[in-house]
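*Asks:* Below you'll find the structure I mean.
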Amino acid sequence: MEIFTIISEFDEALGNLRQERLSVVERANKGIGLCRKTLGLLRNEVVAKGFPNEISEIHFFKEIKPIPMQHLVYYTEVHKCELKLPRLGLKSQLKFLQIERKRLNAFFGSYLEFHRYLLEGRTDRDTHYFTREKGTGHPIREGYAYRYDNEFETSHDMLLATFKGLERYGNYLKEMENRLTALGTGVPGTPMDGSPAFLFTLPDTAAVELAYALREARAINHGDFEIKAFVEYFGKVFGIEVKEPYMLLSQIANRKKERAKYLSRLLDAFLGFLDGRDA
């Protein structure tokens with residue numbers, strides 16, 4: 001199986017997983033299994049076929065392997081968080097989340113040089129970081145190292161994936177903290193009191209198109225959110241009630257023409273605005 005096919009099937013399976021009605025722990029368990037299966041398939045390809053040149057090897061360990069690996073890190077951390085989170089007491093729960101966020105900040109602070117290397121978009125040390133040099137040490141310590149073997153890891157590919165996975169986990173912690181705080185104060189987790197300041201004036205199907213587009217583009221929470229929960233939040237903010245987003249998605253998918261009807265309308269409207277502005 002080709003690497004491109006493996007990653008494409010992983011992306012599709014991940015999208016399907018996000019649509020399943022599961023608890024957070026159930027989704028994390030299935031996500032962990034999916035990631036491990038994908039990484040196993042990728043390892044088989046790498047060991048069997050290798051790479052034609054150094055550029056291909058760097059691309060794989062810097063761009064391809066971190067795709068399932070970062071999700072493995074994310075789902076593993078979410079799973080541990082859900083099991084360790086105190087069951088009772090808002091103060092205890094918020095304190096636990098604060099400790100978790102401090103732990104993540106400490107981790108990032110331990111690897112500032114490499115983090116800065118990534119943020120600056122540098123490539124001058126890619127050969128050292130993302131090829132399988134013999135005798136190369138692995139910088140990750142503590143409990144984050146999801147190690148494989150020397151045929152399927154470089155010195156820093158795991159650290160790169162861990163950065164990405166923990167960034168997503170940090171967003172998860174912030175979202176949970178906001179939700180718990182809202183429940184504790186009795187204040188809805190929305191930016192308005194009373195009537196919405198802005199009203200969504202397109203049909204329900206337009207809201208569903210937008211919700212799925214934002215998720216698949218990973219524009220919010222890196223694409224890791226429940227459609228139903230997001231649509232409910234969207235409705236509270238913009239004064240719209242969408243009762244059956246999954247049913248509406250089926251109707252959208254079965255359209256014979258203009259499957260992305262309202263997204264196309266938004267694009268046309270924006271381009272028209274730009275054309276008028278340039279005139």
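By order in the structure tokens, chains are A, B, ...; within a chain, residues start at 1; ligands start at 1, following the order shown.
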If you run DSSP on this backbone, which residues of segment 217-267 of chain A come out as helix (DSSP H, G or I), and could you give them as an MDAnalysis selection string?

*Replies:* chainID A and resid 221:223 227:238 245:253 261:267

*Asks:* Considering only C-alpha atoms, return as a ChimeraX atom specification whatever protein or nucleic-acid residues lie within 12 Å of Leu210 of chain A, sequence-local ones (same chain, fewer than 2 positions apart) excluded.

*Replies:* /A:200,202-208,212-217,219-220,227,230-231,234,245,249,252,260-267

*Asks:* What does the structure give for the distance between atom CA of His222 of chain A and atom CA of Lys80 of chain A, in Å to one decimal?

*Replies:* 19.9 Å

*Asks:* So that I can see what lies close to Asn29 of chain A, please list as a PyMOL selection string the residues with an atom at most 9 Å from it, counting only C-alpha atoms and leaving out residues fewer than 5 positions away in the same chain.

*Replies:* chain A and resi 24+34+75-76+79

*Asks:* With only C-alpha atoms as the atoms that count, which of A:Gln98, A:Asn44, A:Thr162, A:Thr154 lies nearest to Glu177 of chain A?

*Replies:*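 Looking at the shortest contact to Glu177 of chain A, the residue is A:Gln98.
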
*Asks:* Rank nothing, just name the residue among A:Asn221, A:Arg179, A:Thr123, A:Phe270 nearest to Ile55 of chain A, using only C-alpha atoms.

*Replies:* A:Thr123

*Asks:* So, counting only C-alpha atoms, which residue among A:Asp124, A:Glu100, A:Asp11, A:Glu226 is closest to Gly170 of chain A?

*Replies:*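 Closest residue, counting only C-alpha atoms: A:Glu100.
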
*Asks:* My list of candidates is A:Phe163, A:Lys256, A:Leu173, A:Thr38. Which is closest to Cys81 of chain A when distances are computed with only C-alpha atoms?

*Replies:*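 The answer is A:Leu173, which sits nearest to Cys81 of chain A.
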
*Asks:* Neighbouring residues of Leu199 of chain A were defined as those with any atom within 9 Å, considering only C-alpha atoms; residues of the same chain fewer than 5 positions away were excluded. Please report them as a PyMOL selection string.

*Replies:* chain A and resi 237-240
